[in-house]
$ cat protein_18.tsv   # TSV, C-alpha atoms and all ligand atoms
chain	number	residue	atom	x	y	z
L	1034	MET	CA	166.94	117.07	106.26
L	1035	LEU	CA	166.42	117.21	102.51
L	1036	ARG	CA	168.79	119.56	100.71
L	1037	PRO	CA	167.97	121.22	97.38
L	1038	ILE	CA	169.96	119.70	94.50
L	1039	VAL	CA	171.59	122.33	92.30
L	1040	ARG	CA	171.41	122.00	88.54
L	1041	TYR	CA	173.73	122.41	85.58
L	1042	GLY	CA	174.61	126.10	85.28
L	1043	THR	CA	175.32	126.55	89.00
L	1044	PRO	CA	179.00	127.64	89.22
L	1045	GLY	CA	179.83	125.32	92.15
L	1046	LEU	CA	179.23	122.27	89.95
L	1047	ASN	CA	182.28	123.18	87.85
L	1048	THR	CA	184.62	123.76	90.77
L	1049	LYS	CA	187.21	121.36	92.20
L	1050	ALA	CA	186.03	120.54	95.73
L	1051	ALA	CA	188.26	120.71	98.83
L	1052	PRO	CA	189.28	117.69	100.94
L	1053	VAL	CA	187.27	116.88	104.07
L	1054	THR	CA	189.36	117.51	107.19
L	1055	GLU	CA	186.77	117.60	110.01
L	1056	PHE	CA	184.83	114.45	110.98
L	1057	GLY	CA	182.68	116.01	113.71
L	1058	PRO	CA	178.90	116.36	114.09
L	1059	ALA	CA	178.58	118.83	111.20
L	1060	LEU	CA	180.01	116.28	108.76
L	1061	GLN	CA	177.84	113.48	110.19
L	1062	GLN	CA	174.74	115.66	109.70
L	1063	LEU	CA	175.83	116.56	106.17
L	1064	ILE	CA	176.24	112.86	105.27
L	1065	ASP	CA	172.83	111.99	106.76
L	1066	ASP	CA	171.26	114.82	104.75
L	1067	MET	CA	172.96	113.66	101.56
L	1068	VAL	CA	171.75	110.06	102.02
L	1069	GLU	CA	168.20	111.26	102.68
L	1070	THR	CA	168.31	113.59	99.67
L	1071	MET	CA	169.72	110.87	97.39
L	1072	TYR	CA	167.03	108.34	98.34
L	1073	ALA	CA	164.24	110.92	98.06
L	1074	ALA	CA	165.33	112.12	94.60
L	1075	PRO	CA	165.48	109.12	93.89
L	1076	GLY	CA	169.05	108.53	92.81
L	1077	VAL	CA	171.90	106.04	93.21
L	1078	GLY	CA	174.57	108.62	94.00
L	1079	LEU	CA	175.01	112.18	95.21
L	1080	ALA	CA	178.13	114.31	95.60
L	1081	ALA	CA	178.41	117.20	98.05
L	1082	PRO	CA	178.87	119.84	95.28
L	1083	GLN	CA	175.38	118.87	94.07
L	1084	ILE	CA	173.91	120.34	97.25
L	1085	GLY	CA	176.19	123.36	97.09
L	1086	VAL	CA	178.86	122.05	99.47
L	1087	SER	CA	182.35	122.10	97.92
L	1088	LEU	CA	183.82	119.09	99.73
L	1089	ARG	CA	185.27	115.81	98.44
L	1090	LEU	CA	182.44	113.65	99.70
L	1091	SER	CA	179.85	111.48	97.99
L	1092	VAL	CA	177.26	108.86	98.89
L	1093	ILE	CA	176.37	105.95	96.62
L	1094	ASP	CA	173.79	103.16	96.81
L	1095	ILE	CA	173.17	101.42	93.51
L	1096	SER	CA	170.21	99.56	95.07
L	1097	GLY	CA	168.53	102.91	95.78
L	1098	GLY	CA	168.07	101.85	99.41
L	1099	LYS	CA	166.38	98.54	98.54
L	1100	ARG	CA	169.21	96.36	99.82
L	1101	SER	CA	170.88	96.95	103.16
L	1102	GLY	CA	174.63	97.16	103.32
L	1103	GLU	CA	175.02	98.78	99.89
L	1104	LEU	CA	175.33	102.36	101.05
L	1105	LEU	CA	178.81	103.76	100.52
L	1106	THR	CA	180.17	107.02	101.86
L	1107	LEU	CA	183.33	107.98	99.98
L	1108	ILE	CA	185.38	110.80	101.46
L	1109	ASN	CA	188.51	112.18	99.75
L	1110	PRO	CA	188.46	109.21	97.32
L	1111	GLU	CA	191.39	108.35	95.06
L	1112	PHE	CA	191.64	105.82	92.27
L	1113	VAL	CA	193.92	102.85	92.93
L	1114	GLU	CA	193.01	100.89	89.79
L	1115	ARG	CA	190.94	101.48	86.67
L	1116	GLU	CA	190.59	98.91	83.92
L	1117	GLY	CA	188.46	97.81	80.99
L	1118	MET	CA	185.71	99.76	79.31
L	1119	GLN	CA	181.90	99.87	79.53
L	1120	LEU	CA	179.42	101.83	77.48
L	1121	GLU	CA	176.11	102.43	79.26
L	1122	GLU	CA	173.56	105.18	79.63
L	1123	GLU	CA	173.86	107.46	82.59
L	1124	GLY	CA	172.13	110.49	83.97
L	1125	CYS	CA	172.63	112.96	86.79
L	1126	LEU	CA	170.37	114.52	89.42
L	1127	SER	CA	171.89	117.89	88.45
L	1128	VAL	CA	170.94	117.40	84.79
L	1129	PRO	CA	167.43	115.99	85.27
L	1130	GLY	CA	165.61	114.57	82.28
L	1131	PHE	CA	168.70	113.81	80.20
L	1132	ASN	CA	170.63	110.59	79.65
L	1133	ALA	CA	173.55	109.73	77.44
L	1134	THR	CA	175.89	106.86	76.77
L	1135	VAL	CA	179.21	107.59	78.46
L	1136	PRO	CA	182.34	105.42	78.14
L	1137	ARG	CA	183.78	104.49	81.54
L	1138	PRO	CA	186.29	101.92	82.80
L	1139	ALA	CA	184.52	98.63	83.65
L	1140	ARG	CA	186.23	98.12	86.99
L	1141	VAL	CA	187.63	100.49	89.56
L	1142	VAL	CA	189.30	100.24	92.92
L	1143	VAL	CA	189.29	103.37	95.06
L	1144	ARG	CA	190.76	104.26	98.39
L	1145	ALA	CA	188.61	106.56	100.50
L	1146	LEU	CA	187.77	107.47	104.06
L	1147	ASN	CA	184.44	106.38	105.51
L	1148	ARG	CA	182.28	108.62	107.71
L	1149	ASP	CA	184.41	107.79	110.75
L	1150	GLY	CA	187.56	108.88	108.93
L	1151	VAL	CA	188.81	105.30	108.52
L	1152	VAL	CA	190.65	104.42	105.29
L	1153	ARG	CA	189.07	101.68	103.24
L	1154	THR	CA	189.37	100.22	99.77
L	1155	VAL	CA	186.27	99.78	97.62
L	1156	GLU	CA	186.08	97.74	94.43
L	1157	GLY	CA	183.31	98.19	91.89
L	1158	THR	CA	182.35	96.71	88.54
L	1159	GLY	CA	179.47	97.50	86.19
L	1160	LEU	CA	176.96	100.00	87.58
L	1161	LEU	CA	178.90	100.46	90.83
L	1162	ALA	CA	182.10	101.28	88.91
L	1163	ARG	CA	180.11	103.76	86.82
L	1164	ALA	CA	178.49	105.38	89.87
L	1165	ILE	CA	181.82	105.71	91.70
L	1166	GLN	CA	183.42	107.40	88.67
L	1167	HIS	CA	180.43	109.66	88.06
L	1168	GLU	CA	180.47	110.85	91.68
L	1169	MET	CA	184.26	111.28	91.72
L	1170	ASP	CA	183.95	113.40	88.58
L	1171	HIS	CA	181.63	115.74	90.53
L	1172	LEU	CA	184.42	116.33	93.07
L	1173	ASP	CA	186.61	117.65	90.25
L	1174	GLY	CA	183.85	119.80	88.78
L	1175	THR	CA	183.08	117.47	85.87
L	1176	LEU	CA	179.57	116.50	84.80
L	1177	PHE	CA	178.71	113.53	82.57
L	1178	ILE	CA	177.82	115.93	79.76
L	1179	ASP	CA	181.40	117.23	79.89
L	1180	ARG	CA	182.46	113.72	78.86
L	1181	LEU	CA	180.25	113.79	75.75
L	1182	ARG	CA	181.37	115.08	72.40
L	1183	GLY	CA	179.88	116.88	69.47
L	1184	VAL	CA	176.26	116.58	68.51
L	1185	LYS	CA	175.01	114.69	71.56
L	1186	ARG	CA	176.46	117.25	73.97
L	1187	ASP	CA	175.25	120.22	71.90
L	1188	LEU	CA	171.75	118.77	71.74
L	1189	ILE	CA	171.49	118.40	75.52
L	1190	LEU	CA	172.97	121.87	76.17
L	1191	ARG	CA	170.60	123.47	73.66
L	1192	LYS	CA	167.60	121.86	75.37
L	1193	VAL	CA	168.87	122.91	78.82
L	1194	ARG	CA	169.32	126.53	77.66
L	1195	LYS	CA	165.78	126.48	76.33
L	1196	LEU	CA	164.50	125.32	79.74
L	1197	GLN	CA	166.66	127.97	81.46
L	1198	ARG	CA	165.17	130.70	79.26
L	1199	ALA	CA	161.68	129.40	80.00
L	1200	GLY	CA	162.47	129.57	83.72
L	1201	THR	CA	161.69	125.87	84.20
L	1202	TRP	CA	165.26	124.67	84.92
Z	1301	ZN	ZN	175.73	113.52	88.86

$ encode --input "protein_18.tsv" --output "structure tokens"
Amino acid sequence: MLRPIVRYGTPGLNTKAAPVTEFGPALQQLIDDMVETMYAAPGVGLAAPQIGVSLRLSVIDISGGKRSGELLTLINPEFVEREGMQLEEEGCLSVPGFNATVPRPARVVVRALNRDGVVRTVEGTGLLARAIQHEMDHLDGTLFIDRLRGVKRDLILRKVRKLQRAGTW
């Protein structure tokens, strides 16, 4: 089932999400819904707070569903390693229409549970490293625009407020 994606300005997007503790049918359905919603958007990552669920859970597929075996479900993820630096544009399904260059480590290793509750280690470089960090930020209530400074951030927020006032956000 497709779930509505909440946008910047929704309080839940700025809240630290709670760990997942139950791996029953409700969680399996939630994950299926998140994958379906991510692909439909279309996007390469979606975190549970973006559909109004305050849990430490995200799905990522940097191929957008084009290549099998690339779908990741990261539950209660924690960084094991972070190194290097990359500067690339990124956007967010909760801040549609806006992109900005955000500095991120070039390589990450995270430890997370998969949908069966099994611990696994995932390594990512380039876009995958960026997507993992972007989605993990969501679990702590941080959006990519929170990582911007000064003029660039102000410009995006001013445009968003204008859309909010117009009722088109
Ligand atoms: Zn996002």

$ residues_around --input "protein_18.tsv" --residues "stretch 1070-1080 of chain L" --least-positions-apart "2" --cutoff "10 Å" --atoms "all atoms listed in the file" --output "ChimeraX atom specification"
/L:1034-1038,1046,1064-1068,1082-1099,1104-1108,1124-1127,1160-1161,1164-1165,1167-1172

$ atom_distance --input "protein_18.tsv" --atom1 "atom CA of L:Lys1192" --atom2 "atom CA of L:Val1039"
17.4 Å

$ residues_around --input "protein_18.tsv" --residues "stretch 1132-1134 of chain L" --least-positions-apart "3" --cutoff "6 Å" --atoms "all atoms listed in the file" --output "PyMOL selection string"
chain L and resi 1121-1124

$ atom_distance --input "protein_18.tsv" --atom1 "atom CA of L:Asp1173" --atom2 "atom CA of L:Arg1140"
19.8 Å

$ closest_residue --input "protein_18.tsv" --among "L:Glu1111, L:Arg1198, L:Pro1136, L:Val1128" --to "L:Leu1176" --atoms "only C-alpha atoms"
L:Val1128
